[in-house]
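K.L.:
Structure file query-v9.cif, mmCIF, C-alpha atoms, is pasted below:
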```
data_input
loop_
_atom_site.group_PDB
_atom_site.id
_atom_site.type_symbol
_atom_site.label_atom_id
_atom_site.label_comp_id
_atom_site.auth_asym_id
_atom_site.auth_seq_id
_atom_site.Cartn_x
_atom_site.Cartn_y
_atom_site.Cartn_z
ATOM 1 C CA MET G 1 31.502 -13.815 -41.936
ATOM 2 C CA ALA G 2 32.674 -11.158 -39.523
ATOM 3 C CA SER G 3 29.841 -8.884 -40.573
ATOM 4 C CA LYS G 4 27.262 -11.598 -39.836
ATOM 5 C CA LYS G 5 28.535 -11.983 -36.282
ATOM 6 C CA ARG G 6 28.122 -8.265 -35.702
ATOM 7 C CA VAL G 7 24.573 -8.330 -37.019
ATOM 8 C CA ARG G 8 23.640 -11.178 -34.703
ATOM 9 C CA GLY G 9 25.156 -9.346 -31.720
ATOM 10 C CA LYS G 10 23.195 -6.219 -32.537
ATOM 11 C CA GLN G 11 19.953 -8.197 -32.832
ATOM 12 C CA LYS G 12 20.280 -9.526 -29.286
ATOM 13 C CA PHE G 13 20.473 -6.037 -27.799
ATOM 14 C CA PRO G 14 17.066 -4.808 -29.101
ATOM 15 C CA LEU G 15 15.422 -8.066 -28.010
ATOM 16 C CA LEU G 16 16.887 -7.717 -24.534
ATOM 17 C CA SER G 17 15.857 -4.057 -24.372
ATOM 18 C CA VAL G 18 12.284 -4.785 -25.420
ATOM 19 C CA SER G 19 11.895 -7.607 -22.894
ATOM 20 C CA LEU G 20 13.356 -5.425 -20.128
ATOM 21 C CA ILE G 21 11.024 -2.541 -20.997
ATOM 22 C CA LEU G 22 8.024 -4.901 -21.063
ATOM 23 C CA SER G 23 8.980 -6.384 -17.680
ATOM 24 C CA VAL G 24 9.300 -2.964 -16.082
ATOM 25 C CA GLY G 25 6.018 -1.884 -17.661
ATOM 26 C CA VAL G 26 4.162 -4.899 -16.290
ATOM 27 C CA TYR G 27 5.622 -4.299 -12.822
ATOM 28 C CA ILE G 28 4.621 -0.624 -12.833
ATOM 29 C CA PHE G 29 1.126 -1.468 -14.102
ATOM 30 C CA SER G 30 0.573 -4.113 -11.415
ATOM 31 C CA PHE G 31 1.754 -1.729 -8.688
ATOM 32 C CA SER G 32 -0.423 1.135 -9.939
ATOM 33 C CA TYR G 33 -3.407 -1.219 -10.254
ATOM 34 C CA LYS G 34 -3.094 -2.160 -6.576
ATOM 35 C CA ILE G 35 -2.978 1.516 -5.599
ATOM 36 C CA THR G 36 -5.898 2.608 -7.774
ATOM 37 C CA ASN G 37 -8.002 -0.519 -7.043
ATOM 38 C CA PRO G 38 -7.455 -1.341 -3.374
ATOM 39 C CA VAL G 39 -9.341 -4.163 -1.683
ATOM 40 C CA GLN G 40 -12.747 -2.923 -0.638
ATOM 41 C CA TYR G 41 -12.801 -3.691 3.084
ATOM 42 C CA LYS G 42 -16.563 -3.212 3.141
ATOM 43 C CA ASN G 43 -16.850 -6.339 0.993
ATOM 44 C CA ILE G 44 -15.144 -8.531 3.601
ATOM 45 C CA LYS G 45 -17.769 -9.989 5.925
ATOM 46 C CA ILE G 46 -16.410 -10.699 9.407
ATOM 47 C CA GLU G 47 -17.604 -12.416 12.560
ATOM 48 C CA VAL G 48 -15.834 -11.581 15.850
ATOM 49 C CA LEU G 49 -16.016 -14.052 18.738
ATOM 50 C CA ASN G 50 -14.786 -13.340 22.248
ATOM 51 C CA ALA G 51 -12.921 -16.502 23.282
ATOM 52 C CA CYS G 52 -11.147 -15.026 26.305
ATOM 53 C CA GLY G 53 -13.998 -14.043 28.626
ATOM 54 C CA ILE G 54 -13.131 -10.323 28.798
ATOM 55 C CA GLN G 55 -16.369 -8.379 28.851
ATOM 56 C CA ASN G 56 -17.114 -6.151 25.820
ATOM 57 C CA LEU G 57 -13.929 -7.123 23.960
ATOM 58 C CA ALA G 58 -15.781 -8.482 20.899
ATOM 59 C CA ARG G 59 -17.880 -5.312 20.673
ATOM 60 C CA ILE G 60 -14.852 -3.027 21.023
ATOM 61 C CA THR G 61 -12.966 -5.013 18.377
ATOM 62 C CA THR G 62 -16.049 -4.869 16.137
ATOM 63 C CA ASP G 63 -16.188 -1.080 16.503
ATOM 64 C CA TYR G 64 -12.492 -0.857 15.652
ATOM 65 C CA LEU G 65 -12.885 -2.998 12.517
ATOM 66 C CA ARG G 66 -15.963 -1.064 11.400
ATOM 67 C CA ASN G 67 -14.048 2.198 11.812
ATOM 68 C CA GLN G 68 -11.385 0.682 9.539
ATOM 69 C CA GLY G 69 -14.107 0.075 6.907
ATOM 70 C CA PHE G 70 -14.755 -3.654 7.410
ATOM 71 C CA ASP G 71 -18.240 -5.176 7.442
ATOM 72 C CA VAL G 72 -18.598 -6.974 10.779
ATOM 73 C CA ILE G 73 -21.904 -8.791 10.546
ATOM 74 C CA ASN G 74 -21.841 -10.436 13.972
ATOM 75 C CA TYR G 75 -20.029 -10.378 17.300
ATOM 76 C CA ASP G 76 -20.645 -12.722 20.207
ATOM 77 C CA ASN G 77 -19.007 -14.974 22.777
ATOM 78 C CA ALA G 78 -17.284 -18.152 21.626
ATOM 79 C CA ALA G 79 -18.416 -21.533 22.941
ATOM 80 C CA GLU G 80 -14.911 -22.345 24.208
ATOM 81 C CA GLU G 81 -12.050 -20.245 25.530
ATOM 82 C CA GLN G 82 -8.916 -19.953 23.388
ATOM 83 C CA THR G 83 -5.406 -19.120 24.510
ATOM 84 C CA ARG G 84 -4.350 -17.528 21.195
ATOM 85 C CA THR G 85 -6.038 -14.884 19.111
ATOM 86 C CA SER G 86 -6.460 -16.042 15.526
ATOM 87 C CA VAL G 87 -8.000 -14.953 12.249
ATOM 88 C CA ILE G 88 -9.621 -17.757 10.260
ATOM 89 C CA ASP G 89 -10.438 -17.541 6.567
ATOM 90 C CA ARG G 90 -13.715 -19.307 5.730
ATOM 91 C CA LEU G 91 -13.543 -19.011 1.914
ATOM 92 C CA SER G 92 -9.977 -18.877 0.649
ATOM 93 C CA PRO G 93 -7.491 -21.742 1.164
ATOM 94 C CA GLU G 94 -4.745 -19.176 0.474
ATOM 95 C CA LYS G 95 -6.036 -17.138 3.456
ATOM 96 C CA LYS G 96 -6.526 -14.090 1.219
ATOM 97 C CA TRP G 97 -9.222 -12.480 3.379
ATOM 98 C CA ALA G 98 -7.731 -13.541 6.719
ATOM 99 C CA LYS G 99 -4.404 -11.908 5.883
ATOM 100 C CA ILE G 100 -6.096 -8.564 5.212
ATOM 101 C CA VAL G 101 -8.056 -8.639 8.484
ATOM 102 C CA ALA G 102 -5.064 -9.966 10.444
ATOM 103 C CA SER G 103 -2.974 -7.089 9.160
ATOM 104 C CA ALA G 104 -5.561 -4.557 10.345
ATOM 105 C CA LEU G 105 -5.645 -6.214 13.772
ATOM 106 C CA GLU G 106 -1.864 -6.776 13.938
ATOM 107 C CA VAL G 107 -2.503 -10.501 14.477
ATOM 108 C CA LYS G 108 0.102 -12.944 13.154
ATOM 109 C CA LEU G 109 -1.804 -16.234 13.488
ATOM 110 C CA THR G 110 -4.002 -16.969 10.466
ATOM 111 C CA SER G 111 -5.526 -20.195 9.216
ATOM 112 C CA ALA G 112 -8.099 -21.424 6.743
ATOM 113 C CA VAL G 113 -11.096 -23.574 7.645
ATOM 114 C CA ILE G 114 -13.233 -23.533 4.535
ATOM 115 C CA ASP G 115 -17.001 -23.472 4.985
ATOM 116 C CA SER G 116 -18.699 -21.747 2.083
ATOM 117 C CA SER G 117 -22.141 -22.397 3.578
ATOM 118 C CA LEU G 118 -21.513 -19.571 6.065
ATOM 119 C CA CYS G 119 -22.133 -15.975 5.102
ATOM 120 C CA VAL G 120 -18.801 -14.770 6.499
ATOM 121 C CA HIS G 121 -15.400 -14.504 4.864
ATOM 122 C CA VAL G 122 -13.401 -14.281 8.094
ATOM 123 C CA LEU G 123 -13.797 -15.373 11.704
ATOM 124 C CA VAL G 124 -11.814 -13.511 14.381
ATOM 125 C CA LEU G 125 -11.305 -15.461 17.614
ATOM 126 C CA LEU G 126 -10.120 -13.230 20.454
ATOM 127 C CA GLY G 127 -7.951 -15.380 22.718
ATOM 128 C CA LYS G 128 -6.424 -14.763 26.117
ATOM 129 C CA ASP G 129 -3.349 -13.211 24.488
ATOM 130 C CA TYR G 130 -5.473 -10.355 23.057
ATOM 131 C CA ASP G 131 -3.549 -7.709 25.031
ATOM 132 C CA LYS G 132 -0.286 -8.780 23.361
ATOM 133 C CA VAL G 133 -1.529 -8.976 19.770
ATOM 134 C CA LEU G 134 -4.331 -6.472 19.200
ATOM 135 C CA PRO G 135 -3.695 -2.792 18.433
ATOM 136 C CA LYS G 136 -3.148 -0.739 21.574
ATOM 137 C CA ILE G 137 -6.195 1.419 20.823
ATOM 138 C CA ILE G 138 -8.450 -1.587 21.435
ATOM 139 C CA ILE G 139 -6.719 -2.332 24.745
ATOM 140 C CA LEU G 140 -6.992 1.311 25.832
ATOM 141 C CA ASP G 141 -10.649 1.422 24.780
ATOM 142 C CA ARG G 142 -11.383 -1.628 26.937
ATOM 143 C CA ARG G 143 -9.678 -0.034 29.957
ATOM 144 C CA LEU G 144 -11.680 3.179 29.526
ATOM 145 C CA ILE G 145 -14.929 1.216 29.482
ATOM 146 C CA GLU G 146 -13.902 -0.735 32.573
ATOM 147 C CA SER G 147 -13.042 2.466 34.450
ATOM 148 C CA ARG G 148 -16.446 3.970 33.577
ATOM 149 C CA GLU G 149 -18.246 0.849 34.842
ATOM 150 C CA GLN G 150 -16.557 0.951 38.251
ATOM 151 C CA PRO G 151 -18.507 2.845 40.944
ATOM 152 C CA ASP G 152 -16.933 6.043 42.240
#
```
As structure tokens, what does this structure read like?

P.N.:
Amino acid sequence: MASKKRVRGKQKFPLLSVSLILSVGVYIFSFSYKITNPVQYKNIKIEVLNACGIQNLARITTDYLRNQGFDVINYDNAAEEQTRTSVIDRLSPEKKWAKIVASALEVKLTSAVIDSSLCVHVLVLLGKDYDKVLPKIIILDRRLIESREQPD
């Protein structure tokens, strides 16, 4: 009987080892897959709307996103002013696309308003808090444009 107990104890160790090795292998594969197959930003279609009234802000933000590799298909003024800048996912209830764009813009507020009839994945609404949430390069770019537009 004592020999049977030893055999059972030894059988547990290989099973545990194999499951641990498989778990580590799956983790490494998933991590390497994300590195070798990153999200193609050019496949994310974005619309940028200026909801704060600051001239040229939607265009400057569009240029920034395009330089990051995103496909901004439209920029314009919003119908209503907004106090907060937000990134709205139009296709994914999990906000998959909005989170990627929000990360690039350093915006924390994301939401999902699904409308698959539109040809955009993400809507960016630039609110009055834009200078607190957008990357500093966009803010600096806006100031440079304003200084060029002022008469000497």

K.L.:
Just checking: using all atoms listed in the file, which residue out of G:Asn43, G:Thr85, G:Ser117, G:Ser17 ends up closest to Asp71 in chain G?

P.N.:
G:Asn43

K.L.:
Between CA of Lys128 in chain G and CA of Ala112 in chain G, what is the distance in Å, rounded to a tenth?

P.N.:
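Going from CA of Lys128 in chain G over to CA of Ala112 in chain G, I get 20.6 Å.
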
K.L.:
Please report, as JSON, the centre and edge lengths in Å to one decimal of an axis-aligned box covering all listed atoms of range 58-76 of chain G with 4 Å per side.

P.N.:
```
{"center_x": -16.6, "center_y": -5.3, "center_z": 14.0, "size_x": 18.5, "size_y": 22.9, "size_z": 22.1}
```

K.L.:
Suppose you want the space between CA of Val122 in chain G and CA of Asp141 in chain G; what is it in Å?

P.N.:
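Between CA of Val122 in chain G and CA of Asp141 in chain G the gap works out to 23.1 Å.
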
K.L.:
Would you compute the distance between CA of Lys108 in chain G and CA of Gln55 in chain G? Give it in Å to one decimal.

P.N.:
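Taking CA of Lys108 in chain G and CA of Gln55 in chain G, their separation equals 23.2 Å.
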
K.L.:
Measuring between only C-alpha atoms, which one of G:Lys99, G:Glu81, G:Ile138, G:Ile88 shows the shortest distance to Asp115 in chain G?

P.N.:
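Going through G:Lys99, G:Glu81, G:Ile138, G:Ile88 one by one, the smallest distance to Asp115 in chain G is for G:Ile88.
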
K.L.:
For the file shown, report as a count of residues only the outcome of the PyMOL selection byres ((chain G and resi 77) around 12) at residue level.

P.N.:
25

K.L.:
Which is closer to Ser92 in chain G than all the others in G:Asn67, G:Ser116, G:Gln40, G:Thr62, using all atoms listed in the file?

P.N.:
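Going through G:Asn67, G:Ser116, G:Gln40, G:Thr62 one by one, the smallest distance to Ser92 in chain G is for G:Ser116.
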
K.L.:
Give me the residues within 12 Å of Val133 in chain G as a PyMOL selection string, counting all atoms listed in the file and dropping any in the same chain fewer than 6 places off.

P.N.:
chain G and resi 83-87+102-109+125-127+139

K.L.:
Take the PyMOL selection byres ((chain G and resi 45) around 10), apply it to the structure above, and return the hits as number ranges by chain.

P.N.:
G: 41-44, 46-47, 70-74, 97, 119-123

K.L.:
Show which residues sit within 10 Å of Pro93 in chain G, as a list in words. Count only C-alpha atoms, and ignore same-chain residues fewer than 4 positions away.

P.N.:
Asp89, Trp97, Ala98, Ser111, Ala112, Val113 and Ile114 of chain G
